[in-house]
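Coordinates from target.pdb are shown below (PDB, C-alpha atoms and all ligand atoms).
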```pdb
ATOM      1  CA  MET C1498      -1.336 -17.132 -14.921
ATOM      2  CA  LEU C1499       1.292 -15.263 -16.872
ATOM      3  CA  GLU C1500       4.866 -16.575 -16.517
ATOM      4  CA  VAL C1501       6.887 -13.382 -16.011
ATOM      5  CA  LEU C1502      10.168 -15.060 -15.050
ATOM      6  CA  PRO C1503      10.969 -18.783 -15.151
ATOM      7  CA  GLY C1504       8.769 -20.400 -12.496
ATOM      8  CA  ILE C1505       7.215 -17.095 -11.386
ATOM      9  CA  PHE C1506       3.660 -16.372 -12.486
ATOM     10  CA  GLN C1507       1.710 -13.137 -12.259
ATOM     11  CA  LEU C1508      -2.002 -13.260 -11.490
ATOM     12  CA  ARG C1509      -4.082 -10.213 -12.242
ATOM     13  CA  LEU C1510      -6.977 -10.301  -9.778
ATOM     14  CA  PRO C1511     -10.141  -8.192 -10.058
ATOM     15  CA  LEU C1512     -10.665  -5.169  -7.834
ATOM     16  CA  ALA C1513     -14.049  -3.460  -7.802
ATOM     17  CA  PHE C1514     -12.678   0.058  -7.229
ATOM     18  CA  GLY C1515      -9.596   2.172  -7.851
ATOM     19  CA  LEU C1516      -7.187   0.507 -10.266
ATOM     20  CA  GLY C1517      -9.514  -2.307 -11.303
ATOM     21  CA  HIS C1518      -7.017  -5.069 -10.492
ATOM     22  CA  SER C1519      -4.167  -6.041  -8.186
ATOM     23  CA  ASN C1520      -1.388  -8.533  -8.803
ATOM     24  CA  ALA C1521      -0.452 -11.647  -6.891
ATOM     25  CA  TYR C1522       2.556 -13.819  -7.742
ATOM     26  CA  VAL C1523       2.928 -17.577  -7.424
ATOM     27  CA  LEU C1524       6.369 -19.152  -7.384
ATOM     28  CA  ARG C1525       6.880 -22.800  -8.199
ATOM     29  CA  ASP C1526       8.442 -24.575  -5.236
ATOM     30  CA  GLY C1527       8.817 -28.272  -6.112
ATOM     31  CA  ASP C1528       5.265 -29.609  -6.313
ATOM     32  CA  ALA C1529       3.860 -26.845  -4.168
ATOM     33  CA  TRP C1530       3.728 -23.065  -4.540
ATOM     34  CA  LEU C1531       4.814 -19.972  -2.670
ATOM     35  CA  LEU C1532       2.321 -17.129  -2.961
ATOM     36  CA  TYR C1533       3.049 -13.407  -2.656
ATOM     37  CA  ASP C1534      -0.164 -11.425  -1.977
ATOM     38  CA  CYS C1535      -3.759 -12.575  -2.096
ATOM     39  CA  GLY C1536      -5.947 -10.052  -3.944
ATOM     40  CA  TYR C1537      -9.115  -8.320  -2.789
ATOM     41  CA  SER C1538     -11.719 -10.284  -0.874
ATOM     42  CA  SER C1539     -14.627 -10.717  -3.268
ATOM     43  CA  ALA C1540     -16.665 -13.550  -4.750
ATOM     44  CA  ASP C1541     -15.028 -12.914  -8.174
ATOM     45  CA  CYS C1542     -11.560 -13.198  -6.765
ATOM     46  CA  GLN C1543     -12.324 -16.265  -4.690
ATOM     47  CA  ALA C1544     -13.835 -17.992  -7.734
ATOM     48  CA  ILE C1545     -10.502 -17.487  -9.513
ATOM     49  CA  TRP C1546      -8.536 -18.894  -6.580
ATOM     50  CA  HIS C1547     -10.941 -21.814  -6.359
ATOM     51  CA  GLU C1548     -10.420 -22.650 -10.017
ATOM     52  CA  LEU C1549      -6.629 -22.298  -9.831
ATOM     53  CA  LEU C1550      -6.450 -24.549  -6.774
ATOM     54  CA  GLN C1551      -8.299 -27.251  -8.718
ATOM     55  CA  ASP C1552      -6.066 -26.882 -11.733
ATOM     56  CA  GLU C1553      -2.670 -25.131 -12.136
ATOM     57  CA  LEU C1554      -2.079 -24.828  -8.385
ATOM     58  CA  ARG C1555      -3.390 -28.252  -7.430
ATOM     59  CA  GLY C1556       0.020 -29.090  -5.888
ATOM     60  CA  GLY C1557      -1.101 -26.751  -3.112
ATOM     61  CA  ILE C1558       0.089 -23.443  -1.711
ATOM     62  CA  ALA C1559       2.458 -24.091   1.193
ATOM     63  CA  ARG C1560       3.433 -20.527   2.147
ATOM     64  CA  ILE C1561       1.833 -17.143   1.655
ATOM     65  CA  VAL C1562       3.732 -13.881   2.087
ATOM     66  CA  VAL C1563       1.368 -10.951   2.602
ATOM     67  CA  SER C1564       3.234  -7.816   1.524
ATOM     68  CA  HIS C1565       1.042  -5.378   3.462
ATOM     69  CA  HIS C1566      -2.362  -5.050   5.078
ATOM     70  CA  HIS C1567      -4.232  -3.111   2.376
ATOM     71  CA  PRO C1568      -7.382  -4.966   1.329
ATOM     72  CA  ASP C1569      -6.327  -5.412  -2.319
ATOM     73  CA  HIS C1570      -3.278  -7.406  -1.135
ATOM     74  CA  MET C1571      -4.374  -9.053   2.105
ATOM     75  CA  GLY C1572      -8.097  -9.468   1.376
ATOM     76  CA  ASN C1573      -8.159 -13.196   0.656
ATOM     77  CA  ALA C1574      -5.538 -14.224   3.221
ATOM     78  CA  ARG C1575      -8.056 -15.778   5.591
ATOM     79  CA  TRP C1576      -9.966 -17.435   2.748
ATOM     80  CA  LEU C1577      -6.744 -18.926   1.336
ATOM     81  CA  GLU C1578      -5.602 -19.996   4.801
ATOM     82  CA  GLN C1579      -8.774 -22.028   5.160
ATOM     83  CA  ALA C1580      -8.729 -23.337   1.594
ATOM     84  CA  THR C1581      -5.058 -24.359   1.538
ATOM     85  CA  GLN C1582      -3.821 -24.588   5.172
ATOM     86  CA  ALA C1583      -0.842 -22.552   3.991
ATOM     87  CA  GLU C1584       1.419 -20.789   6.487
ATOM     88  CA  ILE C1585       0.881 -17.045   6.343
ATOM     89  CA  TYR C1586       3.781 -14.630   6.830
ATOM     90  CA  MET C1587       3.743 -10.922   7.501
ATOM     91  CA  ALA C1588       6.025  -8.354   9.165
ATOM     92  CA  ASP C1589       5.062  -7.704  12.802
ATOM     93  CA  ALA C1590       4.484  -3.963  12.437
ATOM     94  CA  GLU C1591       2.293  -4.634   9.418
ATOM     95  CA  LYS C1592       0.290  -7.199  11.354
ATOM     96  CA  HIS C1593      -0.343  -4.498  13.973
ATOM     97  CA  CYS C1594      -1.686  -2.233  11.208
ATOM     98  CA  ALA C1595      -3.968  -5.027  10.031
ATOM     99  CA  GLU C1596      -5.263  -5.424  13.588
ATOM    100  CA  ALA C1597      -5.749  -1.657  13.938
ATOM    101  CA  TYR C1598      -7.635  -1.595  10.643
ATOM    102  CA  HIS C1599      -9.920  -4.398  11.818
ATOM    103  CA  GLN C1600     -10.936  -2.778  15.121
ATOM    104  CA  SER C1601     -14.687  -2.658  15.503
ATOM    105  CA  ASP C1602     -14.808   1.153  15.743
ATOM    106  CA  ILE C1603     -12.436   1.796  12.806
ATOM    107  CA  GLY C1604     -15.287   3.426  10.823
ATOM    108  CA  GLY C1605     -15.755   6.013  13.573
ATOM    109  CA  GLN C1606     -12.006   6.565  13.864
ATOM    110  CA  PHE C1607     -11.705   7.176  10.122
ATOM    111  CA  HIS C1608     -14.664   9.524  10.108
ATOM    112  CA  ALA C1609     -13.301  11.607  12.999
ATOM    113  CA  PHE C1610      -9.820  11.670  11.464
ATOM    114  CA  LEU C1611     -11.007  12.765   8.004
ATOM    115  CA  GLU C1612     -13.208  15.519   9.449
ATOM    116  CA  LYS C1613     -10.456  16.692  11.784
ATOM    117  CA  HIS C1614      -8.283  17.286   8.720
ATOM    118  CA  GLY C1615     -10.947  19.247   6.876
ATOM    119  CA  MET C1616     -13.116  16.836   4.894
ATOM    120  CA  ASP C1617     -16.837  17.675   4.880
ATOM    121  CA  ARG C1618     -19.086  15.377   6.894
ATOM    122  CA  ALA C1619     -20.995  13.937   3.906
ATOM    123  CA  SER C1620     -17.789  12.888   2.112
ATOM    124  CA  ALA C1621     -16.307  11.433   5.281
ATOM    125  CA  GLN C1622     -19.485   9.429   5.792
ATOM    126  CA  GLN C1623     -19.354   8.172   2.201
ATOM    127  CA  VAL C1624     -15.704   7.127   2.554
ATOM    128  CA  VAL C1625     -16.485   5.144   5.670
ATOM    129  CA  GLU C1626     -19.519   3.436   4.154
ATOM    130  CA  GLN C1627     -18.030   2.675   0.742
ATOM    131  CA  TYR C1628     -14.394   1.941   1.486
ATOM    132  CA  VAL C1629     -13.748   1.337   5.160
ATOM    133  CA  GLN C1630     -16.673  -0.687   6.447
ATOM    134  CA  SER C1631     -17.173  -2.698   3.261
ATOM    135  CA  GLN C1632     -13.628  -3.994   3.516
ATOM    136  CA  LEU C1633     -14.043  -5.401   6.982
ATOM    137  CA  THR C1634     -16.051  -8.299   5.623
ATOM    138  CA  SER C1635     -12.900 -10.413   5.441
ATOM    139  CA  PRO C1636     -11.553 -11.376   8.861
ATOM    140  CA  LEU C1637      -7.843 -11.679   9.564
ATOM    141  CA  PRO C1638      -6.113 -15.042   9.189
ATOM    142  CA  GLU C1639      -6.137 -17.183  12.319
ATOM    143  CA  LYS C1640      -2.388 -17.469  12.455
ATOM    144  CA  ILE C1641       0.224 -15.065  11.106
ATOM    145  CA  LEU C1642       3.912 -15.975  11.305
ATOM    146  CA  PRO C1643       6.416 -13.108  11.575
ATOM    147  CA  ILE C1644       8.908 -12.071   8.891
ATOM    148  CA  LYS C1645      12.107 -10.329   9.881
ATOM    149  CA  ALA C1646      14.411  -8.353   7.608
ATOM    150  CA  GLY C1647      16.935 -10.759   6.099
ATOM    151  CA  ASP C1648      14.698 -13.853   6.247
ATOM    152  CA  ILE C1649      15.111 -16.038   3.173
ATOM    153  CA  PHE C1650      12.224 -17.445   1.152
ATOM    154  CA  ALA C1651      13.605 -20.052  -1.219
ATOM    155  CA  ALA C1652      11.447 -21.255  -4.104
ATOM    156  CA  GLY C1653      12.804 -23.290  -7.014
ATOM    157  CA  PRO C1654      16.081 -21.670  -8.131
ATOM    158  CA  TYR C1655      15.358 -18.432  -6.241
ATOM    159  CA  ARG C1656      16.489 -17.295  -2.812
ATOM    160  CA  PHE C1657      14.386 -14.287  -2.040
ATOM    161  CA  GLN C1658      15.550 -12.145   0.858
ATOM    162  CA  ALA C1659      12.998 -10.132   2.833
ATOM    163  CA  TYR C1660      13.341  -6.355   3.171
ATOM    164  CA  ILE C1661      10.909  -4.529   5.400
ATOM    165  CA  LEU C1662      10.193  -1.040   4.124
ATOM    166  CA  GLY C1663       7.925   1.748   5.316
ATOM    167  CA  GLY C1664       6.203   4.546   3.440
ATOM    168  CA  HIS C1665       3.229   3.172   1.544
ATOM    169  CA  SER C1666       2.381   1.151   4.638
ATOM    170  CA  ASP C1667       4.325   0.710   7.869
ATOM    171  CA  ALA C1668       6.269  -2.473   7.121
ATOM    172  CA  GLN C1669       5.800  -3.709   3.600
ATOM    173  CA  VAL C1670       7.667  -6.919   2.788
ATOM    174  CA  ILE C1671       9.738  -6.734  -0.382
ATOM    175  CA  LEU C1672      11.349  -9.942  -1.628
ATOM    176  CA  PHE C1673      14.588  -9.611  -3.573
ATOM    177  CA  ASP C1674      16.608 -12.330  -5.307
ATOM    178  CA  ALA C1675      20.184 -11.054  -5.649
ATOM    179  CA  GLU C1676      21.155 -13.675  -8.231
ATOM    180  CA  THR C1677      18.572 -12.626 -10.846
ATOM    181  CA  GLY C1678      17.877  -9.104  -9.571
ATOM    182  CA  ALA C1679      14.151  -9.889  -9.402
ATOM    183  CA  ALA C1680      12.170  -7.909  -6.828
ATOM    184  CA  LEU C1681       8.623  -8.514  -5.629
ATOM    185  CA  VAL C1682       7.840  -4.961  -4.556
ATOM    186  CA  SER C1683       4.046  -4.899  -4.152
ATOM    187  CA  ASP C1684       3.009  -1.211  -3.925
ATOM    188  CA  HIS C1685       6.452   0.245  -3.273
ATOM    189  CA  LEU C1686       7.457   0.892  -6.868
ATOM    190  CA  LEU C1687       4.632   1.184  -9.362
ATOM    191  CA  GLN C1688       5.319   2.132 -12.942
ATOM    192  CA  PHE C1689       2.291   4.128 -14.066
ATOM    193  CA  ILE C1690       1.112   5.706 -10.850
ATOM    194  CA  THR C1691       2.937   6.987  -7.804
ATOM    195  CA  PRO C1692       2.282   4.765  -4.784
ATOM    196  CA  ASN C1693      -0.025   6.491  -2.325
ATOM    197  CA  ILE C1694       1.963   7.866   0.615
ATOM    198  CA  ALA C1695      -0.685   8.763   3.143
ATOM    199  CA  LEU C1696      -1.301   9.446   6.787
ATOM    200  CA  TRP C1697      -3.961   7.218   8.398
ATOM    201  CA  PRO C1698      -5.625   7.255  11.814
ATOM    202  CA  TYR C1699      -3.171   4.527  12.860
ATOM    203  CA  GLY C1700       0.438   3.672  12.074
ATOM    204  CA  ASP C1701       3.548   5.651  11.050
ATOM    205  CA  ARG C1702       3.245   9.423  11.669
ATOM    206  CA  LYS C1703       6.033  10.242   9.175
ATOM    207  CA  PRO C1704       5.256   8.053   6.155
ATOM    208  CA  LEU C1705       7.005  10.278   3.602
ATOM    209  CA  THR C1706      10.232  10.279   5.623
ATOM    210  CA  SER C1707       9.981   6.470   5.703
ATOM    211  CA  TYR C1708       9.273   6.308   1.989
ATOM    212  CA  PHE C1709      12.349   8.381   1.081
ATOM    213  CA  LYS C1710      14.446   6.007   3.225
ATOM    214  CA  SER C1711      12.868   2.972   1.527
ATOM    215  CA  LEU C1712      13.661   4.343  -1.918
ATOM    216  CA  GLU C1713      17.335   4.623  -0.910
ATOM    217  CA  VAL C1714      17.324   0.983   0.194
ATOM    218  CA  LEU C1715      15.747  -0.114  -3.080
ATOM    219  CA  LYS C1716      18.209   1.997  -5.053
ATOM    220  CA  GLY C1717      21.071   0.134  -3.422
ATOM    221  CA  LEU C1718      19.811  -3.288  -4.502
ATOM    222  CA  ASN C1719      20.433  -2.929  -8.226
ATOM    223  CA  ILE C1720      17.019  -4.343  -9.132
ATOM    224  CA  GLN C1721      16.821  -5.784 -12.655
ATOM    225  CA  THR C1722      13.166  -6.810 -12.838
ATOM    226  CA  VAL C1723      10.341  -5.191 -10.895
ATOM    227  CA  LEU C1724       7.327  -7.390 -10.136
ATOM    228  CA  PRO C1725       4.810  -4.817  -8.889
ATOM    229  CA  GLY C1726       1.461  -5.078  -7.103
ATOM    230  CA  HIS C1727      -0.356  -3.325  -9.945
ATOM    231  CA  HIS C1728       0.192  -3.146 -13.716
ATOM    232  CA  LYS C1729       2.867  -5.016 -15.631
ATOM    233  CA  VAL C1730       6.375  -6.186 -14.870
ATOM    234  CA  TYR C1731       9.114  -3.705 -15.845
ATOM    235  CA  ARG C1732      12.878  -3.329 -15.818
ATOM    236  CA  THR C1733      13.670   0.329 -15.179
ATOM    237  CA  ALA C1734      13.725   0.265 -11.373
ATOM    238  CA  ASP C1735      16.430   2.853 -10.736
ATOM    239  CA  GLN C1736      14.940   5.297 -13.215
ATOM    240  CA  ARG C1737      11.536   4.864 -11.592
ATOM    241  CA  ILE C1738      13.015   5.421  -8.123
ATOM    242  CA  GLU C1739      14.483   8.743  -9.296
ATOM    243  CA  GLN C1740      11.146   9.795 -10.834
ATOM    244  CA  LEU C1741       9.337   9.003  -7.595
ATOM    245  CA  LYS C1742      11.780  11.081  -5.564
ATOM    246  CA  VAL C1743      11.332  14.008  -7.960
ATOM    247  CA  HIS C1744       7.555  13.598  -7.803
ATOM    248  CA  HIS C1745       7.507  13.945  -4.020
ATOM    249  CA  ARG C1746      10.002  16.818  -3.999
ATOM    250  CA  ASP C1747       7.813  18.621  -6.555
ATOM    251  CA  LEU C1748       4.710  17.996  -4.492
ATOM    252  CA  LEU C1749       6.439  19.340  -1.369
ATOM    253  CA  GLU C1750       7.302  22.474  -3.321
ATOM    254  CA  LYS C1751       3.757  22.837  -4.667
ATOM    255  CA  ILE C1752       2.398  22.520  -1.144
ATOM    256  CA  GLU C1753       4.687  25.248   0.141
ATOM    257  CA  ASN C1754       3.646  27.506  -2.736
ATOM    258  CA  SER C1755      -0.074  26.842  -2.232
ATOM    259  CA  LEU C1756      -0.107  27.169   1.536
ATOM    260  CA  MET C1757      -1.271  30.710   2.136
ATOM    261  CA  GLY C1758      -2.616  31.645   5.537
ATOM    262  CA  LYS C1759      -3.922  28.797   7.672
ATOM    263  CA  LEU C1760      -5.438  25.895   5.778
ATOM    264  CA  SER C1761      -6.684  22.390   6.524
ATOM    265  CA  ALA C1762      -5.152  19.487   4.593
ATOM    266  CA  PHE C1763      -8.444  19.099   2.716
ATOM    267  CA  ASP C1764      -8.590  22.728   1.530
ATOM    268  CA  LEU C1765      -4.929  22.589   0.628
ATOM    269  CA  ALA C1766      -5.498  19.367  -1.366
ATOM    270  CA  ALA C1767      -8.214  21.149  -3.390
ATOM    271  CA  ARG C1768      -5.741  23.936  -4.213
ATOM    272  CA  VAL C1769      -2.868  21.616  -5.081
ATOM    273  CA  PHE C1770      -4.755  18.997  -7.097
ATOM    274  CA  GLY C1771      -7.338  21.311  -8.679
ATOM    275  CA  THR C1772     -11.000  21.347  -7.859
ATOM    276  CA  THR C1773     -12.467  18.801 -10.317
ATOM    277  CA  ILE C1774     -12.273  15.833  -7.995
ATOM    278  CA  PHE C1775     -13.475  17.971  -5.116
ATOM    279  CA  ARG C1776     -16.684  19.036  -6.845
ATOM    280  CA  GLU C1777     -17.928  15.589  -7.790
ATOM    281  CA  THR C1778     -19.205  13.191  -5.159
ATOM    282  CA  ARG C1779     -18.362  10.118  -7.238
ATOM    283  CA  PHE C1780     -14.684  10.855  -6.699
ATOM    284  CA  VAL C1781     -14.892  10.520  -2.946
ATOM    285  CA  LEU C1782     -12.105   7.890  -2.869
ATOM    286  CA  HIS C1783      -9.815  10.275  -4.780
ATOM    287  CA  LYS C1784     -10.731  13.066  -2.399
ATOM    288  CA  MET C1785      -9.696  10.968   0.544
ATOM    289  CA  LEU C1786      -6.448   9.826  -1.085
ATOM    290  CA  ALA C1787      -5.638  13.415  -2.045
ATOM    291  CA  GLN C1788      -6.245  14.692   1.480
ATOM    292  CA  GLN C1789      -4.216  11.922   3.089
ATOM    293  CA  GLU C1790      -1.369  12.315   0.572
ATOM    294  CA  ILE C1791      -1.183  16.059   1.292
ATOM    295  CA  LEU C1792      -1.205  15.244   4.984
ATOM    296  CA  SER C1793       1.801  12.912   4.736
ATOM    297  CA  HIS C1794       3.697  15.700   2.983
ATOM    298  CA  LEU C1795       2.627  18.261   5.587
ATOM    299  CA  GLN C1796       3.869  15.969   8.347
ATOM    300  CA  TYR C1797       7.196  15.806   6.505
ATOM    301  CA  LEU C1798       7.387  19.601   6.207
ATOM    302  CA  ALA C1799       6.480  19.936   9.898
ATOM    303  CA  SER C1800       9.286  17.523  10.800
ATOM    304  CA  THR C1801      11.803  19.667   8.904
ATOM    305  CA  GLY C1802      10.443  22.880  10.464
ATOM    306  CA  GLN C1803       9.034  24.316   7.214
ATOM    307  CA  VAL C1804       5.381  24.346   8.274
ATOM    308  CA  LEU C1805       3.551  24.758  11.563
ATOM    309  CA  LYS C1806       0.674  22.561  12.687
ATOM    310  CA  HIS C1807      -2.196  24.057  14.700
ATOM    311  CA  GLU C1808      -4.582  21.711  16.470
ATOM    312  CA  GLU C1809      -7.861  23.562  17.025
ATOM    313  CA  ASP C1810     -11.408  22.331  16.296
ATOM    314  CA  ARG C1811      -9.727  21.046  13.179
ATOM    315  CA  VAL C1812      -6.062  20.757  12.259
ATOM    316  CA  TYR C1813      -4.643  23.694  10.281
ATOM    317  CA  TRP C1814      -1.266  24.258   8.663
ATOM    318  CA  GLN C1815       0.768  27.345   8.026
ATOM    319  CA  ILE C1816       4.188  28.192   6.569
ATOM    320  CA  ALA C1817       6.711  28.573   9.406
ATOM    321  CA  PRO C1818       8.284  32.006   9.743
ATOM    322  CA  LEU C1819      11.914  32.194   8.618
ATOM    323  CA  PRO C1820      14.316  31.601  11.513
TER     324      PRO C1820
HETATM  325 ZN    ZN C1901      -1.279  -0.778  -0.904
END
```
Just give me the structure as structure tokens.
Ligand SMILES: [Zn+2]
Amino acid sequence: MLEVLPGIFQLRLPLAFGLGHSNAYVLRDGDAWLLYDCGYSSADCQAIWHELLQDELRGGIARIVVSHHHPDHMGNARWLEQATQAEIYMADAEKHCAEAYHQSDIGGQFHAFLEKHGMDRASAQQVVEQYVQSQLTSPLPEKILPIKAGDIFAAGPYRFQAYILGGHSDAQVILFDAETGAALVSDHLLQFITPNIALWPYGDRKPLTSYFKSLEVLKGLNIQTVLPGHHKVYRTADQRIEQLKVHHRDLLEKIENSLMGKLSAFDLAARVFGTTIFRETRFVLHKMLAQQEILSHLQYLASTGQVLKHEEDRVYWQIAPLP
């Protein structure tokens, strides 16, 4: 446990794929603790929680805020619910995503969706086996209490206000303490990578539009310290927000420049991101993230009338003729 602000501790929890870790935060609240995010559901991670609950966190976790439904943040929610009897909080729309993600036929839905947008069958199959089905081993918590925008989570000297922001997922909960300018942002503002803005078989159909709106909200808060869901704590929130906007504007431009004729999102992703990750099977996760990221940008360009979407055997995209 690394104390990143007085009474707020960062936990770096192991993640078997992707970034290698995800962060959770525990906030001292009298004798008990408030937890923000739970880490990925794995034996390694649960061993860490088990040890902490015997030792530093023996006062008990009373409340758990789950920022969003991705498995590296929500994974241990059910396990922690049973181990601590804590109350679990999540935004309603995000809970619906969690339920959609835990449907019994989600593997089939993912497969069909990935293929429809151009991914080859073997890669789609690998994605489902390695990343979709394997993550359904952790059931949802038995009881999830709702969070509404403006709800206050007090802990020690802090009064964190909930903001519910879309983009990276439908309704990510950000906690902001106006007094200190501290913000628990989960995957909304990451320092070393751009948060994945992707289209999934379920949820928001215009995630990039939502993300741009969320960045404006965050810009208005005057955040002093960013406590992110991955990597270390940092202070340059507004600068990072500007970089992220530029990143997505650049990517939109690249997409428009690379979209010649009619292409699927997958073929366009190979053009935009280069072919290295598309040649090697071990990068199947990257392939999927690339395809879905391109897709969220295409949906944005379709919403502004810059590209046309054709639904045939697969979905194809084309630059819209000038009006
Ligand atoms: Zn995430």
Enumerate, in order of chain and increasing residue number, the residues of chain C with an atom no farther than 12 Å from ligand ZN 1901 (chain C), each with its shortest atom pair and distance in Å to one decimal, counting all atoms listed in the file, as JSON lines.
```
{"residue": "C:Gly1515", "atom": "CA", "partner": "C:ZN1901", "partner_atom": "ZN", "distance": 11.2}
{"residue": "C:Leu1516", "atom": "CA", "partner": "C:ZN1901", "partner_atom": "ZN", "distance": 11.1}
{"residue": "C:His1518", "atom": "CA", "partner": "C:ZN1901", "partner_atom": "ZN", "distance": 12.0}
{"residue": "C:Ser1519", "atom": "CA", "partner": "C:ZN1901", "partner_atom": "ZN", "distance": 9.4}
{"residue": "C:Asn1520", "atom": "CA", "partner": "C:ZN1901", "partner_atom": "ZN", "distance": 11.1}
{"residue": "C:Asp1534", "atom": "CA", "partner": "C:ZN1901", "partner_atom": "ZN", "distance": 10.8}
{"residue": "C:Gly1536", "atom": "CA", "partner": "C:ZN1901", "partner_atom": "ZN", "distance": 10.8}
{"residue": "C:Tyr1537", "atom": "CA", "partner": "C:ZN1901", "partner_atom": "ZN", "distance": 11.0}
{"residue": "C:Val1563", "atom": "CA", "partner": "C:ZN1901", "partner_atom": "ZN", "distance": 11.1}
{"residue": "C:Ser1564", "atom": "CA", "partner": "C:ZN1901", "partner_atom": "ZN", "distance": 8.7}
{"residue": "C:His1565", "atom": "CA", "partner": "C:ZN1901", "partner_atom": "ZN", "distance": 6.8}
{"residue": "C:His1566", "atom": "CA", "partner": "C:ZN1901", "partner_atom": "ZN", "distance": 7.4}
{"residue": "C:His1567", "atom": "CA", "partner": "C:ZN1901", "partner_atom": "ZN", "distance": 5.0}
{"residue": "C:Pro1568", "atom": "CA", "partner": "C:ZN1901", "partner_atom": "ZN", "distance": 7.7}
{"residue": "C:Asp1569", "atom": "CA", "partner": "C:ZN1901", "partner_atom": "ZN", "distance": 7.0}
{"residue": "C:His1570", "atom": "CA", "partner": "C:ZN1901", "partner_atom": "ZN", "distance": 6.9}
{"residue": "C:Met1571", "atom": "CA", "partner": "C:ZN1901", "partner_atom": "ZN", "distance": 9.3}
{"residue": "C:Gly1572", "atom": "CA", "partner": "C:ZN1901", "partner_atom": "ZN", "distance": 11.3}
{"residue": "C:Glu1591", "atom": "CA", "partner": "C:ZN1901", "partner_atom": "ZN", "distance": 11.6}
{"residue": "C:Gly1663", "atom": "CA", "partner": "C:ZN1901", "partner_atom": "ZN", "distance": 11.4}
{"residue": "C:Gly1664", "atom": "CA", "partner": "C:ZN1901", "partner_atom": "ZN", "distance": 10.2}
{"residue": "C:His1665", "atom": "CA", "partner": "C:ZN1901", "partner_atom": "ZN", "distance": 6.5}
{"residue": "C:Ser1666", "atom": "CA", "partner": "C:ZN1901", "partner_atom": "ZN", "distance": 6.9}
{"residue": "C:Asp1667", "atom": "CA", "partner": "C:ZN1901", "partner_atom": "ZN", "distance": 10.5}
{"residue": "C:Ala1668", "atom": "CA", "partner": "C:ZN1901", "partner_atom": "ZN", "distance": 11.1}
{"residue": "C:Gln1669", "atom": "CA", "partner": "C:ZN1901", "partner_atom": "ZN", "distance": 8.9}
{"residue": "C:Val1670", "atom": "CA", "partner": "C:ZN1901", "partner_atom": "ZN", "distance": 11.5}
{"residue": "C:Val1682", "atom": "CA", "partner": "C:ZN1901", "partner_atom": "ZN", "distance": 10.7}
{"residue": "C:Ser1683", "atom": "CA", "partner": "C:ZN1901", "partner_atom": "ZN", "distance": 7.5}
{"residue": "C:Asp1684", "atom": "CA", "partner": "C:ZN1901", "partner_atom": "ZN", "distance": 5.3}
{"residue": "C:His1685", "atom": "CA", "partner": "C:ZN1901", "partner_atom": "ZN", "distance": 8.2}
{"residue": "C:Leu1686", "atom": "CA", "partner": "C:ZN1901", "partner_atom": "ZN", "distance": 10.7}
{"residue": "C:Leu1687", "atom": "CA", "partner": "C:ZN1901", "partner_atom": "ZN", "distance": 10.5}
{"residue": "C:Thr1691", "atom": "CA", "partner": "C:ZN1901", "partner_atom": "ZN", "distance": 11.2}
{"residue": "C:Pro1692", "atom": "CA", "partner": "C:ZN1901", "partner_atom": "ZN", "distance": 7.6}
{"residue": "C:Asn1693", "atom": "CA", "partner": "C:ZN1901", "partner_atom": "ZN", "distance": 7.5}
{"residue": "C:Ile1694", "atom": "CA", "partner": "C:ZN1901", "partner_atom": "ZN", "distance": 9.4}
{"residue": "C:Ala1695", "atom": "CA", "partner": "C:ZN1901", "partner_atom": "ZN", "distance": 10.4}
{"residue": "C:Pro1725", "atom": "CA", "partner": "C:ZN1901", "partner_atom": "ZN", "distance": 10.8}
{"residue": "C:Gly1726", "atom": "CA", "partner": "C:ZN1901", "partner_atom": "ZN", "distance": 8.0}
{"residue": "C:His1727", "atom": "CA", "partner": "C:ZN1901", "partner_atom": "ZN", "distance": 9.4}
{"residue": "C:Leu1786", "atom": "CA", "partner": "C:ZN1901", "partner_atom": "ZN", "distance": 11.8}
```
Exercise for the section: List the residues matched by the PyMOL selection byres (((chain C and resi 1741-1746) around 10) and not hetatm) in the displayed structure as an MDAnalysis selection string, ordered by chain and then by residue number. Expected result: chainID C and resid 1686:1688 1690:1692 1694 1705 1708:1709 1712:1713 1735:1740 1747:1752 1794
Determine, using all atoms listed in the file, which residues of stretch 1560-1664 of chain C have any atom at most 9 Å from an atom of stretch 1540-1548 of chain C, and tabulate each with its shortest atom pair and distance in Å to one decimal place, rows ordered by chain and then rising number, as a tab-separated table.
```
residue	atom	partner	partner_atom	distance
C:Asn1573	CA	C:Gln1543	CA	7.4
C:Trp1576	CA	C:Gln1543	CA	7.9
C:Leu1577	CA	C:Trp1546	CA	8.1
C:Ala1580	CA	C:His1547	CA	8.4
```
Handout entry: Distance in Å - atom CA of C:Phe1514 versus atom CA of C:Phe1780
Key =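 It comes out at 11.0 Å.
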Fill in the blank from the handout: Atom pair atom CA of C:Tyr1731 + atom CA of C:Ile1661, distance 21.3 Å
Quick check on the file I pasted: which residues fall under the PyMOL selection byres (((chain C and resi 1614) around 10) and not hetatm)? Write them as a short mmCIF file (atom, residue, chain, number, x, y, z; two decimals) with C-alpha atoms, in the coordinates of the input.
```cif
data_model
loop_
_atom_site.label_atom_id
_atom_site.label_comp_id
_atom_site.auth_asym_id
_atom_site.auth_seq_id
_atom_site.Cartn_x
_atom_site.Cartn_y
_atom_site.Cartn_z
CA ALA C 1609 -13.30 11.61 13.00
CA PHE C 1610 -9.82 11.67 11.46
CA LEU C 1611 -11.01 12.76 8.00
CA GLU C 1612 -13.21 15.52 9.45
CA LYS C 1613 -10.46 16.69 11.78
CA GLY C 1615 -10.95 19.25 6.88
CA MET C 1616 -13.12 16.84 4.89
CA ASP C 1617 -16.84 17.68 4.88
CA LEU C 1760 -5.44 25.90 5.78
CA SER C 1761 -6.68 22.39 6.52
CA ALA C 1762 -5.15 19.49 4.59
CA PHE C 1763 -8.44 19.10 2.72
CA ASP C 1764 -8.59 22.73 1.53
CA GLN C 1788 -6.24 14.69 1.48
CA GLN C 1789 -4.22 11.92 3.09
CA LEU C 1792 -1.20 15.24 4.98
CA GLU C 1808 -4.58 21.71 16.47
CA ASP C 1810 -11.41 22.33 16.30
CA ARG C 1811 -9.73 21.05 13.18
CA VAL C 1812 -6.06 20.76 12.26
CA TYR C 1813 -4.64 23.69 10.28
CA TRP C 1814 -1.27 24.26 8.66
#
```
